[in-house]
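**Student:** Attaching a single structure in structure tokens format; questions to follow.
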Amino acid sequence: MFSRASEQIVDIVQGKIPQHIAIIMDGNGRWAKKRMMPRVYGHKKGVDALRDVIRACDEFNIGYLTVFAFSSENWRRPADEVTFLMGLFLQVLDTEIERMVRNNIRLKIIGNRERFSPELVRMIEQAENLTAANTGLCLTIAADYGGHWDVLQATKAMLKAQPELLDGFGEEDIAPFLSMAYAPNPDLFIRTGGEQRISNFLLWQLAYTELYFTDLAWPEFGREQLVESIAWYQQRERRFGRISEQLSE
Ligand code: IPE
Ligand code: IPE
Ligand code: MG
């Protein structure tokens, strides 16, 4: 006898699987506080949830998974939490990289690296290099990332490469310089933790993404909840400015 969850899995694999899923992993701190634990306990549990979701994305043949780990604005948090998060990032890269190599996962890190410790920058470069030739799931971690930063850095890089564009340029000129130029735009965006906002995540790239919000905290999210969100996605009609009748033509 099949459970509801496994029936749903059969359904989603027969439907249109999103090529790219982008997630704001929110609610760690409040989840921990509710359990009388320090906020950072929630961040640790969040790593376990991420591992589950990566495995599930791999299983469902999702091409790209992009997760928001630390925003440009998260530097405003108490210093001890920032320090903990930077330490956790370093530690997770160190311990998980072997698993990623083994599982054919290509890892990319997007964001401003200037404020990271030299040790973290080295670890990021090493992790990217070790997985660069992998052909499976492309996992992107956004760290010290902001949508505003991305558009600005892309514009600056474009003008540096092609100064003549100062007189005028278009979307297609900037696009190759954006942080995620290697990936299609996200099809499905998920935010856990109850807030319904973008918080300066992939602003340019989310223009036509389907937005899914859940009150579950990130540590409570896993394979089953991912299936739920994909099933929801498959019910959406993506019109990209057209009308319904045009889509079947
Ligand atoms: C998301 O969880 C993780 C990071 C921003 C690093 P939060 O830390 O924002 O948790 P809440 O939203 O305060 O519960
Ligand atoms: C967004 O979460 C950033 C990450 C999950 C890394 P926040 O918890 O920082 O978002 P706001 O500030 O409440 O919007
Ligand atoms: Mg939060």
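Going through the structure tokens in order, the chains are called A, B, and so on, while each chain numbers its residues from 1 and the ligands are numbered from 1 in the order shown.
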Which residues, written as a ChimeraX atom specification, have at least one atom at most 12 Å from Glu195 (chain A), with only C-alpha atoms counted and residues fewer than 5 positions away on the same chain left out?
**Tutor:** /A:24-27,190,211-218
**Student:** Please find the residues contacting ligand 1 at a distance of at most 9 Å between atoms, with only C-alpha atoms and all ligand atoms counted, and report them as a ChimeraX atom specification.
**Tutor:** /A:24-33,39-40,42-43,46,68-71,74,81-82,85,192-195,217-218
**Student:** Compare A:Val151, A:Ile23, A:Ala132, A:Val47 by their minimum atom-to-atom distance to ligand 2, counting only C-alpha atoms and all ligand atoms, and give me the closest one.
**Tutor:**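 Nearest candidate to ligand 2 out of A:Val151, A:Ile23, A:Ala132, A:Val47: A:Ile23.
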**Student:** Can you work out which one of A:Arg223, A:Arg122, A:Arg115, A:Arg77 has the shortest atom-to-atom distance to ligand 2, counting only C-alpha atoms and all ligand atoms?
**Tutor:**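 Smallest separation from ligand 2 among the options: A:Arg77.
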**Student:** Report as a ChimeraX atom specification: the residues of region 2-248 of chain A with a DSSP assignment of helix (DSSP H, G or I), based on the backbone of this structure.
**Tutor:** /A:4-14,28-34,39-59,72-76,79-102,118-131,147-161,163-167,171-177,218-220,223-234,244-247
**Student:** Rank A:Glu125, A:Glu7, A:Glu73, A:Glu245 by their smallest atom-to-atom distance to ligand 3, using only C-alpha atoms and all ligand atoms, and report the top residue only.
**Tutor:**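 Of A:Glu125, A:Glu7, A:Glu73, A:Glu245, the one nearest ligand 3, counting only C-alpha atoms and all ligand atoms, is A:Glu73.
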**Student:** Assign secondary structure with DSSP using the backbone only, and return the residues of region 40-151 of chain A in strand (DSSP E) as a VMD selection string.
**Tutor:** chain A and resid 64 to 71 106 to 110 138 to 145
**Student:** Convert the current residue selection to file output with N, CA, C and O atoms, as a CSV table (one decimal), in the first residue's frame.
**Tutor:**
chain,number,residue,atom,x,y,z
A,64,TYR,N,19.5,22.4,-11.1
A,64,TYR,CA,20.1,23.4,-10.3
A,64,TYR,C,19.3,23.7,-9.0
A,64,TYR,O,18.1,23.8,-9.0
A,65,LEU,N,20.1,23.7,-7.9
A,65,LEU,CA,19.5,24.0,-6.6
A,65,LEU,C,20.4,25.2,-6.1
A,65,LEU,O,21.6,25.1,-6.0
A,66,THR,N,19.7,26.3,-5.8
A,66,THR,CA,20.4,27.5,-5.3
A,66,THR,C,19.8,27.9,-3.9
A,66,THR,O,18.6,28.0,-3.8
A,67,VAL,N,20.7,28.0,-2.9
A,67,VAL,CA,20.2,28.2,-1.5
A,67,VAL,C,20.9,29.5,-1.0
A,67,VAL,O,22.1,29.8,-1.2
A,68,PHE,N,20.0,30.3,-0.3
A,68,PHE,CA,20.5,31.5,0.4
A,68,PHE,C,21.0,31.2,1.8
A,68,PHE,O,20.3,30.8,2.6
A,69,ALA,N,22.3,31.3,2.0
A,69,ALA,CA,22.9,30.9,3.2
A,69,ALA,C,23.2,32.2,4.1
A,69,ALA,O,23.2,32.1,5.3
A,70,PHE,N,23.6,33.3,3.5
A,70,PHE,CA,23.9,34.5,4.2
A,70,PHE,C,23.7,35.7,3.3
A,70,PHE,O,24.3,35.7,2.2
A,71,SER,N,22.9,36.6,3.7
A,71,SER,CA,22.6,37.8,2.9
A,71,SER,C,23.6,38.9,3.1
A,71,SER,O,24.2,39.0,4.2
A,106,ARG,N,28.1,19.5,-8.6
A,106,ARG,CA,29.0,20.7,-8.9
A,106,ARG,C,28.6,21.8,-8.0
A,106,ARG,O,27.5,22.2,-7.9
A,107,LEU,N,29.6,22.3,-7.3
A,107,LEU,CA,29.3,23.3,-6.3
A,107,LEU,C,29.8,24.7,-6.8
A,107,LEU,O,30.9,24.9,-7.3
A,108,LYS,N,28.9,25.7,-6.6
A,108,LYS,CA,29.3,27.1,-7.0
A,108,LYS,C,28.9,28.0,-5.8
A,108,LYS,O,27.9,27.7,-5.1
A,109,ILE,N,29.7,28.9,-5.5
A,109,ILE,CA,29.4,29.9,-4.4
A,109,ILE,C,29.3,31.3,-5.1
A,109,ILE,O,30.2,31.7,-5.8
A,110,ILE,N,28.2,31.9,-4.8
A,110,ILE,CA,28.0,33.3,-5.4
A,110,ILE,C,27.9,34.3,-4.2
A,110,ILE,O,27.4,34.0,-3.2
A,138,CYS,N,23.8,20.9,-10.0
A,138,CYS,CA,24.6,22.1,-9.7
A,138,CYS,C,24.1,22.8,-8.5
A,138,CYS,O,23.0,23.3,-8.5
A,139,LEU,N,24.8,22.7,-7.4
A,139,LEU,CA,24.4,23.3,-6.1
A,139,LEU,C,25.1,24.7,-6.0
A,139,LEU,O,26.3,24.8,-6.0
A,140,THR,N,24.3,25.7,-5.9
A,140,THR,CA,24.9,27.1,-5.7
A,140,THR,C,24.5,27.5,-4.3
A,140,THR,O,23.4,27.5,-3.9
A,141,ILE,N,25.5,28.0,-3.5
A,141,ILE,CA,25.3,28.6,-2.2
A,141,ILE,C,25.6,30.1,-2.3
A,141,ILE,O,26.6,30.5,-2.8
A,142,ALA,N,24.5,30.8,-2.0
A,142,ALA,CA,24.7,32.3,-2.0
A,142,ALA,C,25.1,32.8,-0.6
A,142,ALA,O,24.4,32.6,0.3
A,143,ALA,N,26.3,33.4,-0.6
A,143,ALA,CA,26.8,33.8,0.7
A,143,ALA,C,27.4,35.2,0.6
A,143,ALA,O,28.2,35.4,-0.3
A,144,ASP,N,27.1,36.0,1.5
A,144,ASP,CA,27.3,37.5,1.4
A,144,ASP,C,26.8,37.9,0.0
A,144,ASP,O,27.4,38.6,-0.8
A,145,TYR,N,25.6,37.4,-0.3
A,145,TYR,CA,24.9,37.7,-1.6
A,145,TYR,C,23.8,38.7,-1.4
A,145,TYR,O,23.1,38.6,-0.4
**Student:** Find the spatial neighbours of Asp94 (chain A), counting only C-alpha atoms, within a cut-off of 10 Å - ignore same-chain residues fewer than 3 positions away - and output them as an NGL selection string.
**Tutor:** :A and (88-91 or 97-98 or 120 or 123-124 or 126-127)
**Student:** Using only C-alpha atoms, determine which residues lie at most 12 Å from Pro184 (chain A), disregarding the query and same-chain residues fewer than 3 positions distant; provide the list as number ranges by chain.
**Tutor:** A: 18-22, 62-66, 138, 175-176, 178-181, 187-188, 204-206, 208-209
**Student:** How would the residues just chosen look if you wrote them out with C-alpha atoms as a tab-separated table (two decimals), in the first residue's frame?
**Tutor:**
chain	number	residue	atom	x	y	z
A	18	PRO	CA	11.49	22.39	-12.27
A	19	GLN	CA	14.95	22.74	-13.76
A	20	HIS	CA	16.09	25.21	-11.14
A	21	ILE	CA	14.89	25.58	-7.54
A	22	ALA	CA	15.98	28.53	-5.39
A	62	ILE	CA	16.63	18.73	-10.74
A	63	GLY	CA	19.43	20.48	-12.60
A	64	TYR	CA	20.10	23.43	-10.30
A	65	LEU	CA	19.53	24.05	-6.61
A	66	THR	CA	20.41	27.49	-5.26
A	138	CYS	CA	24.62	22.05	-9.71
A	175	ALA	CA	23.12	39.02	-18.36
A	176	PRO	CA	26.47	37.25	-18.99
A	178	LEU	CA	25.44	38.26	-13.44
A	179	SER	CA	26.50	35.77	-10.76
A	180	MET	CA	24.25	33.02	-12.06
A	181	ALA	CA	24.95	33.40	-15.78
A	187	ASP	CA	11.44	27.99	-12.00
A	188	LEU	CA	10.47	27.51	-8.39
A	204	TRP	CA	16.96	39.85	-11.50
A	205	GLN	CA	16.67	36.10	-11.87
A	206	LEU	CA	13.34	35.71	-10.00
A	208	TYR	CA	9.19	35.04	-13.63
A	209	THR	CA	9.73	32.45	-10.92
**Student:** Would you pick out the contacts of His148 (chain A) at 8 Å or less, using only C-alpha atoms, so that residues sharing its chain but fewer than 2 positions from it are not included, and give the list as a PyMOL selection string?
**Tutor:** chain A and resi 146+150-152+200+203
**Student:** Got time to write the residues from that selection, all heavy atoms, as a tab-separated table (two decimals), in the first residue's frame?
**Tutor:**
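Final output, saved to again_32.tsv:
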chain	number	residue	atom	x	y	z
A	146	GLY	N	23.61	39.57	-2.34
A	146	GLY	CA	22.44	40.46	-2.38
A	146	GLY	C	22.09	40.71	-3.84
A	146	GLY	O	22.99	40.84	-4.68
A	150	ASP	N	24.51	42.09	-6.88
A	150	ASP	CA	24.73	41.32	-8.10
A	150	ASP	C	24.58	42.20	-9.35
A	150	ASP	O	25.43	42.19	-10.25
A	150	ASP	CB	23.74	40.14	-8.14
A	150	ASP	CG	24.15	39.06	-9.13
A	150	ASP	OD1	25.20	39.21	-9.79
A	150	ASP	OD2	23.41	38.06	-9.26
A	151	VAL	N	23.50	42.98	-9.38
A	151	VAL	CA	23.26	43.83	-10.56
A	151	VAL	C	24.38	44.88	-10.68
A	151	VAL	O	24.87	45.15	-11.79
A	151	VAL	CB	21.86	44.48	-10.50
A	151	VAL	CG1	21.66	45.46	-11.64
A	151	VAL	CG2	20.77	43.40	-10.54
A	152	LEU	N	24.79	45.43	-9.54
A	152	LEU	CA	25.87	46.44	-9.58
A	152	LEU	C	27.19	45.83	-10.03
A	152	LEU	O	27.88	46.39	-10.90
A	152	LEU	CB	26.05	47.08	-8.20
A	152	LEU	CG	24.97	48.09	-7.80
A	152	LEU	CD1	25.20	48.56	-6.38
A	152	LEU	CD2	24.97	49.27	-8.77
A	200	ASN	N	16.15	40.58	-0.76
A	200	ASN	CA	17.35	40.88	-1.58
A	200	ASN	C	18.06	39.62	-2.11
A	200	ASN	O	19.26	39.62	-2.32
A	200	ASN	CB	18.32	41.76	-0.76
A	200	ASN	CG	19.31	42.52	-1.63
A	200	ASN	OD1	19.15	42.61	-2.86
A	200	ASN	ND2	20.37	43.05	-1.03
A	203	LEU	N	17.20	38.99	-7.32
A	203	LEU	CA	16.15	39.89	-7.80
A	203	LEU	C	15.95	39.81	-9.31
A	203	LEU	O	14.83	39.69	-9.81
A	203	LEU	CB	16.47	41.33	-7.39
A	203	LEU	CG	16.51	41.61	-5.90
A	203	LEU	CD1	16.85	43.06	-5.65
A	203	LEU	CD2	15.19	41.24	-5.24
